[in-house]
>>> print(open('query.cif').read())   # mmCIF, C-alpha atoms and all ligand atoms
data_protein
#
loop_
_atom_site.label_atom_id
_atom_site.label_comp_id
_atom_site.auth_asym_id
_atom_site.auth_seq_id
_atom_site.Cartn_x
_atom_site.Cartn_y
_atom_site.Cartn_z
CA MET A 1 327.99 5.19 71.08
CA PRO A 2 324.32 4.41 71.87
CA LEU A 3 323.31 6.24 68.69
CA ARG A 4 325.76 4.14 66.67
CA HIS A 5 324.34 1.04 68.35
CA LEU A 6 320.82 2.09 67.40
CA LEU A 7 321.77 2.78 63.80
CA THR A 8 323.76 -0.38 63.25
CA ARG A 9 322.00 -2.99 65.35
CA LEU A 10 318.37 -1.97 65.69
CA PHE A 11 317.12 -4.94 63.65
CA ASP A 12 319.84 -7.33 64.77
CA ALA A 13 319.42 -10.10 67.34
CA SER A 14 322.32 -8.56 69.28
CA PHE A 15 320.47 -5.27 69.80
CA GLY A 16 320.75 -4.18 73.42
CA ASP A 17 323.92 -6.21 74.12
CA GLY A 18 327.33 -4.81 74.96
CA PRO A 19 328.70 -1.57 76.38
CA ASP A 20 327.53 0.46 73.36
CA ALA A 21 323.92 -0.17 74.42
CA ARG A 22 324.30 1.43 77.84
CA GLY A 23 321.79 4.23 78.26
CA ILE A 24 319.23 2.85 75.77
CA CYS A 25 315.77 2.06 77.18
CA TYR A 26 313.36 0.06 75.06
CA GLN A 27 310.50 -2.41 75.05
CA LEU A 28 310.93 -5.69 73.15
CA ASP A 29 308.54 -8.63 72.98
CA GLY A 30 306.56 -7.18 75.87
CA HIS A 31 309.64 -6.81 78.10
CA LEU A 32 310.78 -3.43 79.31
CA HIS A 33 314.58 -2.87 79.27
CA VAL A 34 315.65 0.08 81.40
CA SER A 35 319.31 1.07 81.46
CA ALA A 36 321.07 3.33 83.94
CA PRO A 37 322.26 6.67 82.49
CA ALA A 38 325.46 6.39 80.49
CA PHE A 39 327.75 9.29 79.61
CA ASP A 40 329.94 9.43 76.54
CA SER A 41 333.14 11.44 76.78
CA SER A 42 334.62 10.43 73.42
CA LEU A 43 334.58 14.09 72.34
CA ALA A 44 337.93 14.39 74.11
CA THR A 45 339.60 11.62 72.16
CA ILE A 46 338.00 10.86 68.80
CA PRO A 47 340.42 11.69 66.00
CA ALA A 48 339.91 14.66 63.69
CA PRO A 49 337.91 15.53 61.77
CA ALA A 50 335.12 15.43 64.32
CA PHE A 51 332.48 18.08 64.18
CA ALA A 52 328.77 18.33 64.60
CA TYR A 53 325.95 18.35 62.14
CA ASP A 54 327.83 18.56 58.87
CA LEU A 55 324.93 18.65 56.45
CA SER A 56 326.99 19.37 53.37
CA GLN A 57 328.43 16.74 51.07
CA SER A 58 330.07 19.24 48.80
CA ARG A 59 330.87 22.91 48.59
CA SER A 60 327.82 23.59 46.41
CA ASP A 61 325.56 21.93 49.01
CA PHE A 62 326.32 24.41 51.71
CA ILE A 63 326.52 27.38 49.40
CA ASN A 64 322.93 26.64 48.33
CA ARG A 65 321.79 25.80 51.83
CA PRO A 66 319.22 28.16 53.40
CA GLN A 67 320.95 30.90 55.32
CA ASP A 68 320.84 31.15 59.11
CA ARG A 69 318.50 33.39 61.02
CA TRP A 70 319.80 36.93 60.78
CA TRP A 71 320.55 37.35 64.44
CA LYS A 72 322.68 34.19 64.48
CA ALA A 73 324.56 34.81 61.27
CA THR A 74 328.32 35.24 61.54
CA GLY A 75 329.33 34.53 57.96
CA LYS A 76 328.06 33.25 54.64
CA HIS A 77 329.04 29.59 55.13
CA PRO A 78 328.85 28.76 58.83
CA GLN A 79 329.64 25.41 60.41
CA ILE A 80 328.16 24.29 63.71
CA TYR A 81 330.90 22.99 65.98
CA VAL A 82 331.10 21.61 69.53
CA CYS A 83 334.33 21.26 71.50
CA THR A 84 333.02 20.92 75.05
CA GLN A 85 330.26 18.82 76.50
CA SER A 86 328.11 19.62 79.53
CA CYS A 87 328.42 22.47 81.99
CA ARG A 88 329.73 22.89 85.52
CA ALA A 89 326.75 25.04 86.56
CA ARG A 90 323.53 23.55 87.86
CA CYS A 91 320.68 25.84 86.81
CA THR A 92 317.36 24.40 87.92
CA PHE A 93 315.63 24.72 84.54
CA CYS A 94 318.42 23.04 82.57
CA SER A 95 319.04 19.36 81.93
CA THR A 96 322.38 19.48 80.11
CA TYR A 97 324.38 18.07 83.02
CA LEU A 98 321.81 15.31 83.52
CA ILE A 99 322.28 14.28 79.91
CA HIS A 100 326.03 14.78 79.53
CA GLY A 101 327.47 14.26 83.02
CA ARG A 102 330.77 15.95 83.83
CA LEU A 103 332.35 18.59 81.64
CA VAL A 104 334.55 17.31 78.80
CA SER A 105 336.82 19.48 76.63
CA ARG A 106 338.24 18.50 73.27
CA PRO A 107 341.99 19.17 73.28
CA VAL A 108 343.00 22.24 71.27
CA ALA A 109 345.47 20.15 69.24
CA LEU A 110 342.52 18.10 67.94
CA ILE A 111 340.39 21.21 67.42
CA ALA A 112 343.19 22.61 65.24
CA GLN A 113 342.98 19.53 63.03
CA ASP A 114 339.17 19.82 62.89
CA LEU A 115 339.49 23.43 61.78
CA ASP A 116 341.95 22.48 59.04
CA PHE A 117 339.24 20.24 57.67
CA ILE A 118 336.36 22.69 58.21
CA ILE A 119 338.12 25.73 56.81
CA ASP A 120 340.68 24.41 54.35
CA GLU A 121 338.81 21.45 52.90
CA HIS A 122 335.18 22.54 53.23
CA GLY A 123 335.69 26.27 52.84
CA HIS A 124 333.54 27.38 55.77
CA ASP A 125 334.07 31.01 56.72
CA SER A 126 332.53 30.98 60.21
CA LEU A 127 331.82 28.78 63.20
CA GLN A 128 328.84 28.55 65.50
CA PHE A 129 330.01 27.00 68.74
CA PHE A 130 327.04 25.11 70.14
CA ASP A 131 328.78 24.34 73.43
CA ASP A 132 326.69 25.06 76.51
CA ASP A 133 329.39 27.50 77.63
CA LEU A 134 332.50 27.76 75.48
CA LEU A 135 334.28 29.69 78.22
CA GLN A 136 334.45 26.55 80.34
CA HIS A 137 336.88 24.93 77.87
CA ASP A 138 339.91 23.65 79.79
CA GLU A 139 342.36 25.35 77.40
CA LEU A 140 340.46 28.54 76.70
CA ASP A 141 343.46 30.81 76.12
CA ALA A 142 345.03 28.34 73.72
CA LEU A 143 341.67 28.01 71.95
CA MET A 144 341.43 31.80 71.55
CA GLU A 145 344.97 31.88 70.11
CA LEU A 146 344.05 29.14 67.64
CA LEU A 147 340.91 30.96 66.51
CA GLN A 148 342.84 34.20 66.11
CA ARG A 149 345.44 32.42 63.97
CA ARG A 150 342.76 30.87 61.77
CA ARG A 151 341.10 34.29 61.27
CA ILE A 152 337.56 32.91 61.29
CA ALA A 153 334.39 34.61 62.55
CA TRP A 154 332.48 32.79 65.26
CA SER A 155 329.71 32.92 67.86
CA CYS A 156 329.21 31.00 71.11
CA ASN A 157 327.16 30.59 74.27
CA ALA A 158 328.54 31.87 77.57
CA ARG A 159 327.73 32.53 81.21
CA ALA A 160 327.98 36.02 82.62
CA GLU A 161 330.27 35.07 85.49
CA PHE A 162 333.24 34.41 83.21
CA MET A 163 332.99 37.63 81.25
CA THR A 164 335.38 40.49 81.94
CA PRO A 165 336.39 43.41 79.70
CA GLU A 166 339.75 41.68 79.10
CA ARG A 167 338.09 38.40 78.17
CA ALA A 168 335.63 40.16 75.86
CA ARG A 169 338.46 41.99 74.07
CA GLN A 170 340.40 38.74 73.74
CA MET A 171 337.36 37.05 72.22
CA PHE A 172 336.74 39.90 69.80
CA GLY A 173 340.38 39.77 68.73
CA ALA A 174 339.97 36.04 68.11
CA GLY A 175 337.03 36.64 65.73
CA CYS A 176 334.02 36.49 68.05
CA LYS A 177 331.04 38.36 66.60
CA LYS A 178 328.13 37.24 68.77
CA VAL A 179 327.63 35.75 72.21
CA PHE A 180 324.45 34.19 73.52
CA LEU A 181 324.68 35.18 77.16
CA GLY A 182 322.58 33.14 79.57
CA VAL A 183 321.53 36.11 81.66
CA GLU A 184 317.98 34.90 82.43
CA SER A 185 316.96 37.75 84.74
CA PHE A 186 317.87 41.07 86.29
CA ASP A 187 316.08 40.16 89.51
CA GLN A 188 318.39 38.60 92.12
CA ARG A 189 315.54 36.68 93.65
CA SER A 190 314.95 34.89 90.35
CA LEU A 191 318.67 34.26 89.74
CA ASP A 192 318.91 32.67 93.18
CA TYR A 193 315.76 30.64 92.59
CA TYR A 194 317.28 29.31 89.31
CA ARG A 195 320.56 28.57 91.19
CA LYS A 196 322.22 30.49 88.42
CA GLY A 197 325.31 31.27 90.47
CA THR A 198 325.43 34.82 89.10
CA THR A 199 324.35 38.26 90.28
CA VAL A 200 322.46 41.04 88.56
CA GLU A 201 325.66 43.08 88.63
CA MET A 202 327.60 40.29 86.89
CA ASN A 203 324.93 40.21 84.20
CA ARG A 204 325.11 43.95 83.65
CA GLN A 205 328.91 43.99 83.57
CA ALA A 206 329.08 41.06 81.15
CA ILE A 207 326.68 42.74 78.72
CA HIS A 208 328.60 46.02 78.86
CA ALA A 209 331.96 44.25 78.49
CA LEU A 210 330.83 42.45 75.35
CA ASP A 211 329.13 45.46 73.82
CA ASP A 212 332.14 47.68 74.54
CA ALA A 213 334.39 45.13 72.85
CA GLY A 214 332.20 45.16 69.71
CA ILE A 215 330.52 41.80 70.26
CA ALA A 216 326.75 41.52 69.78
CA VAL A 217 324.96 40.24 72.89
CA VAL A 218 322.09 37.82 72.38
CA CYS A 219 320.43 37.89 75.79
CA GLY A 220 318.80 34.73 77.14
CA TYR A 221 315.95 36.04 79.27
CA ILE A 222 313.29 34.20 81.31
CA ILE A 223 310.11 35.39 82.99
CA GLY A 224 307.56 33.47 85.04
CA ALA A 225 309.32 32.17 88.16
CA PRO A 226 306.85 31.01 90.83
CA HIS A 227 307.33 34.20 92.87
CA ASP A 228 306.99 36.56 89.90
CA THR A 229 304.17 39.08 89.90
CA LEU A 230 302.94 41.51 87.28
CA ASP A 231 304.94 44.30 88.93
CA SER A 232 308.13 42.26 89.31
CA ILE A 233 308.08 41.23 85.65
CA LEU A 234 307.41 44.75 84.40
CA ALA A 235 310.26 46.06 86.58
CA ASP A 236 312.57 43.35 85.24
CA ILE A 237 311.67 44.22 81.65
CA ASP A 238 312.52 47.86 82.41
CA ARG A 239 315.92 46.84 83.80
CA MET A 240 316.58 44.74 80.71
CA LEU A 241 315.68 47.65 78.42
CA GLU A 242 318.43 49.79 79.96
CA LEU A 243 321.18 47.55 78.63
CA PRO A 244 323.09 47.46 75.30
CA ILE A 245 321.67 44.16 74.06
CA PHE A 246 321.67 43.19 70.37
CA PHE A 247 318.92 40.57 70.41
CA LEU A 248 316.50 39.40 73.07
CA SER A 249 315.87 35.67 73.26
CA GLY A 250 312.98 35.59 75.69
CA SER A 251 311.14 32.64 77.17
CA ILE A 252 308.74 31.65 79.93
CA LEU A 253 310.09 29.43 82.70
CA THR A 254 309.49 25.84 81.60
CA PRO A 255 309.45 22.83 83.91
CA ASP A 256 311.47 20.80 81.40
CA ILE A 257 311.05 17.10 81.93
CA GLY A 258 313.82 15.70 84.13
CA SER A 259 315.10 19.06 85.34
CA VAL A 260 315.06 20.26 88.97
CA GLU A 261 312.37 22.70 87.88
CA PHE A 262 310.24 19.77 86.77
CA LEU A 263 310.67 18.00 90.11
CA ARG A 264 309.78 21.21 91.93
CA ALA A 265 306.71 21.72 89.76
CA ARG A 266 305.51 18.16 90.34
CA LYS A 267 305.07 19.00 94.02
CA THR A 268 302.75 21.91 93.33
CA ILE A 269 301.10 20.93 90.03
CA PRO A 270 299.64 17.41 90.41
CA ALA A 271 298.46 17.52 86.79
CA LEU A 272 302.09 17.20 85.68
CA ARG A 273 301.74 13.47 86.33
CA LEU A 274 299.47 13.37 83.29
CA LEU A 275 302.53 13.93 81.06
CA GLY A 276 303.40 10.21 81.31
CA ASP A 277 301.44 7.41 79.65
CA GLY A 278 298.52 6.52 81.91
CA GLY A 279 299.83 8.78 84.69
CA SER A 280 303.09 6.75 84.82
CA ASP A 281 306.70 7.91 84.49
CA PHE A 282 306.99 6.35 81.02
CA ASN A 283 306.95 8.26 77.78
CA LEU A 284 306.84 11.62 79.53
CA LYS A 285 306.27 14.28 76.90
CA PRO A 286 304.58 17.65 76.42
CA ARG A 287 300.80 17.34 76.18
CA PRO A 288 299.38 20.31 74.26
CA GLU A 289 295.89 18.81 74.56
CA LEU A 290 296.17 19.31 78.35
CA PHE A 291 298.37 22.36 78.77
CA GLY A 292 297.94 24.24 75.49
CA ALA A 293 300.20 24.80 72.51
CA GLY A 294 301.43 28.24 73.58
CA PRO A 295 304.91 28.58 75.10
CA PRO A 296 305.94 26.52 76.96
CA TYR A 297 304.51 24.03 74.47
CA GLY A 298 302.39 21.33 76.05
CA LEU A 299 303.55 22.19 79.57
CA PRO A 300 302.08 24.31 82.36
CA THR A 301 303.71 27.47 83.64
CA VAL A 302 304.79 27.65 87.29
CA CYS A 303 304.15 31.29 88.20
CA THR A 304 301.53 31.38 90.95
CA SER A 305 300.08 34.85 90.39
CA LEU A 306 299.88 34.96 86.57
CA SER A 307 298.23 32.55 84.13
CA LYS A 308 299.99 31.04 81.12
CA ALA A 309 298.06 33.40 78.84
CA GLU A 310 299.08 36.43 80.91
CA LEU A 311 302.72 35.34 80.95
CA ASN A 312 302.60 35.01 77.18
CA GLU A 313 301.33 38.57 76.92
CA LEU A 314 304.20 39.80 79.10
CA TYR A 315 306.72 37.76 77.11
CA GLU A 316 305.42 39.35 73.90
CA LEU A 317 305.50 42.77 75.51
CA ALA A 318 309.15 42.29 76.55
CA GLU A 319 310.12 41.38 73.00
CA CYS A 320 308.12 44.16 71.33
CA SER A 321 309.41 46.74 73.82
CA PHE A 322 312.95 45.61 73.10
CA PHE A 323 312.80 45.40 69.32
CA LEU A 324 310.68 48.48 68.63
CA ARG A 325 313.07 51.01 70.09
CA GLU A 326 315.61 53.19 68.35
CA SER A 327 318.63 51.93 70.27
CA THR A 328 317.95 48.33 69.20
CA ALA A 329 317.51 49.41 65.58
CA GLU A 330 320.77 51.35 65.72
CA ARG A 331 322.72 48.46 67.26
CA VAL A 332 321.28 45.87 64.89
CA THR A 333 322.11 48.05 61.88
CA ARG A 334 325.65 48.65 63.07
CA LEU A 335 326.43 45.02 63.92
CA SER A 336 324.71 43.26 61.00
CA PRO A 337 326.00 42.85 57.44
CA PRO A 338 324.12 44.96 54.85
CA ASP A 339 322.77 41.89 53.06
CA GLN A 340 320.77 41.01 56.19
CA LEU A 341 318.93 44.32 56.44
CA GLU A 342 315.92 43.28 54.39
CA LEU A 343 315.38 40.23 56.60
CA ILE A 344 315.79 42.42 59.66
CA ALA A 345 313.21 44.88 58.33
CA GLU A 346 310.75 42.01 58.02
CA TRP A 347 311.53 41.04 61.63
CA PHE A 348 310.77 44.55 62.82
CA GLN A 349 307.57 44.63 60.78
CA TRP A 350 306.50 41.38 62.41
CA ASN A 351 307.18 42.83 65.86
CA THR A 352 305.13 45.86 64.96
CA ALA A 353 302.24 43.56 64.10
CA ARG A 354 302.73 41.74 67.41
CA ALA A 355 302.63 45.02 69.32
CA GLU A 356 299.51 46.13 67.44
CA LYS A 357 297.77 42.90 68.34
CA LEU A 358 298.80 43.26 71.98
CA ALA A 359 297.62 46.86 72.09
CA GLN A 360 294.19 45.79 70.86
CA THR A 361 293.59 42.40 72.43
CA ALA A 362 295.77 41.83 75.52
CA ARG A 363 293.72 40.94 78.56
CA LEU A 364 296.11 42.75 80.93
CA ASP A 365 295.37 46.50 80.89
CA ILE A 366 298.99 47.42 81.49
CA VAL A 367 300.12 45.29 78.55
CA ARG A 368 297.66 47.01 76.21
CA GLU A 369 298.82 50.41 77.48
CA ARG A 370 302.51 49.63 77.19
CA ALA A 371 302.16 48.04 73.76
CA ALA A 372 300.35 51.14 72.52
CA ALA A 373 303.04 53.34 74.02
CA VAL A 374 305.76 51.27 72.35
CA LEU A 375 304.00 51.69 69.01
CA SER A 376 303.82 55.42 69.54
CA GLY A 377 307.55 55.56 70.16
CA GLN A 378 307.03 56.74 73.72
CA PRO A 379 307.10 53.66 75.95
CA HIS A 380 305.82 53.70 79.52
CA ARG A 381 303.21 56.38 78.94
CA PRO A 382 299.53 55.48 78.81
CA ALA A 383 298.24 55.26 75.24
CA SER A 384 295.69 57.98 75.90
CA GLN A 385 298.49 60.51 76.45
CA VAL A 386 300.57 59.90 73.34
CA PRO A 387 299.99 60.69 69.68
CA ALA A 388 300.11 57.91 67.10
CA VAL A 389 303.25 58.02 64.92
CA SER A 390 305.11 55.63 62.63
CA PRO A 391 305.56 52.37 64.59
CA LEU A 392 308.73 51.22 62.82
CA PRO A 393 312.20 52.55 63.65
CA ALA A 394 313.15 54.68 60.66
CA ALA A 395 316.16 52.49 59.85
CA PHE A 396 313.83 49.62 58.99
CA GLU A 397 311.10 51.08 56.86
CA LEU A 398 310.73 48.43 54.13
CA GLY A 399 311.71 49.73 50.74
CA ALA A 400 313.34 52.83 52.19
S1 LIG B 501 324.82 27.78 82.62
FE1 LIG B 501 323.54 27.24 80.87
S2 LIG B 501 324.19 25.21 80.23
FE2 LIG B 501 324.99 25.55 82.30
S3 LIG B 501 323.45 24.65 83.65
FE3 LIG B 501 322.96 26.83 83.45
S4 LIG B 501 321.49 26.95 81.74
FE4 LIG B 501 322.49 24.92 81.66
#
>>> encode(input="query.cif", output="structure tokens")
Amino acid sequence: MPLRHLLTRLFDASFGDGPDARGICYQLDGHLHVSAPAFDSSLATIPAPAFAYDLSQSRSDFINRPQDRWWKATGKHPQIYVCTQSCRARCTFCSTYLIHGRLVSRPVALIAQDLDFIIDEHGHDSLQFFDDDLLQHDELDALMELLQRRRIAWSCNARAEFMTPERARQMFGAGCKKVFLGVESFDQRSLDYYRKGTTVEMNRQAIHALDDAGIAVVCGYIIGAPHDTLDSILADIDRMLELPIFFLSGSILTPDIGSVEFLRARKTIPALRLLGDGGSDFNLKPRPELFGAGPPYGLPTVCTSLSKAELNELYELAECSFFLRESTAERVTRLSPPDQLELIAEWFQWNTARAEKLAQTARLDIVRERAAAVLSGQPHRPASQVPAVSPLPAAFELGA
């Protein structure tokens, strides 16, 4: 509603008037207009077809559209779709519930009509559910039955707490190919700090349940909590590497503006006040000129014992250690369509280059040692003790 108001009335004298304008903050003729937050739950009621981000005007448009990143791909002509809004969890680094308010689910009867349009009229062969957590849909079983009937491939985001072997098998039977699982950590102290509401054991079981069912797990993984140390992060990486994960989506804890993490960080990092114009709370935004352009972009990190540069080295090490191992290569080959293998080979080559750079230039000794060991195919042994061999898993030698 506010977006429609912006698009239709931005240059009109009535701009800012009426219920559609709730939630819009703006400055006009020197006057600041600040609105209280407004939540829109029309997802539950707007008639079909209603789906997100349809960029295609015709069948040829989407056929010629650039393909998705290989690790997200579920079909040749995917459609992004959202049928829930917000999340019942309250993770400290996340702002979804601040933006969207309470959880809203689109009724399955309306989703069925959306799918008729997406599949039958537009010819899409796969769906990417962009919901924060699809498993929180109020009619999840009915939704799974609908997806099974429509015989379409799909992927979604999910929390570990809702995943059981039965649920994973049900999802696979309904066409699920990939799940982005918001695991975040295998250290209970960090999960508790993030108020994740999950345990390390839940995370492990969810990953195994999905993998056993044949669903590729994209693992959301965060390092750099305030209490993290070099040893705790290395131990967490080792725990992560034991698990049957398809793709690692790593990040460094970010005090995202507006989140609980941001409010926490403001107490310990006074410089965060510089994010707003003139030290105010207006126009808060990342400031790369102050906090650097490395991840997290334009923001400081919050870990007390490691610098942003050191955390970036560990983040790179986690990814290289994950991708440059035989079990990842085997899983990626098995769960990816053959026409993606060339792209995947390039990905592995890029990770090899990352590991080589780490092995030569990382400021942390242990990162240089581990990166060299990863390249040698014998992780966790000091570089001086291992012979140099081909750095790339055999399955991904380019041109092989
Ligand atoms: S489970 Fe995911 S979407 Fe929900 S609050 Fe946590 S990070 Fe945000």
>>> closest_atom_pairs(input="query.cif", of="chain A", to="ligand LIG 501 (chain B)", cutoff="6 Å", atoms="all atoms listed in the file", output="CSV")
residue,atom,partner,partner_atom,distance
A:Cys87,CA,B:LIG501,FE2,4.6
A:Ala89,CA,B:LIG501,S3,4.4
A:Arg90,CA,B:LIG501,S3,4.4
A:Cys91,CA,B:LIG501,FE3,4.2
A:Cys94,CA,B:LIG501,FE4,4.6
A:Thr96,CA,B:LIG501,FE4,5.7
A:Asp132,CA,B:LIG501,S2,4.5
A:Arg159,CA,B:LIG501,S1,5.7
>>> atom_distance(input="query.cif", atom1="atom CA of Asp211 of chain A", atom2="atom CA of Arg334 of chain A")
11.7 Å
>>> atom_distance(input="query.cif", atom1="atom CA of Val82 of chain A", atom2="atom CA of Cys156 of chain A")
9.7 Å
>>> axis_aligned_box(input="query.cif", around="segment 208-211 of chain A", padding_each_side="8 Å", output="lines of an AutoDock Vina configuration file")
center_x = 330.3
center_y = 44.2
center_z = 76.3
size_x = 19.4
size_y = 19.6
size_z = 21.0
>>> closest_residue(input="query.cif", among="A:Lys76, A:Arg368, A:His124, A:Lys308", to="Ala225 of chain A", atoms="only C-alpha atoms")
A:Lys308
>>> atom_distance(input="query.cif", atom1="atom CA of Leu311 of chain A", atom2="atom CA of Ile223 of chain A")
7.7 Å
>>> residues_near_point(input="query.cif", point="(336.6, 14.2, 78.8)", cutoff="9 Å", atoms="all atoms listed in the file", output="ChimeraX atom specification")
/A:40-45,84-85,102-106
>>> closest_residue(input="query.cif", among="A:Asp133, A:Glu289, A:Glu319, A:Glu330", to="Leu358 of chain A", atoms="all atoms listed in the file")
A:Glu319
>>> residues_near_point(input="query.cif", point="(343.3, 31.8, 76.7)", cutoff="12 Å", atoms="only C-alpha atoms", output="list in words")
Val108, Leu134, Leu135, Gln136, His137, Asp138, Glu139, Leu140, Asp141, Ala142, Leu143, Met144, Glu145, Leu146, Leu147, Gln148, Glu166, Arg167, Ala168, Arg169, Gln170, Met171, Gly173 and Ala174 of chain A
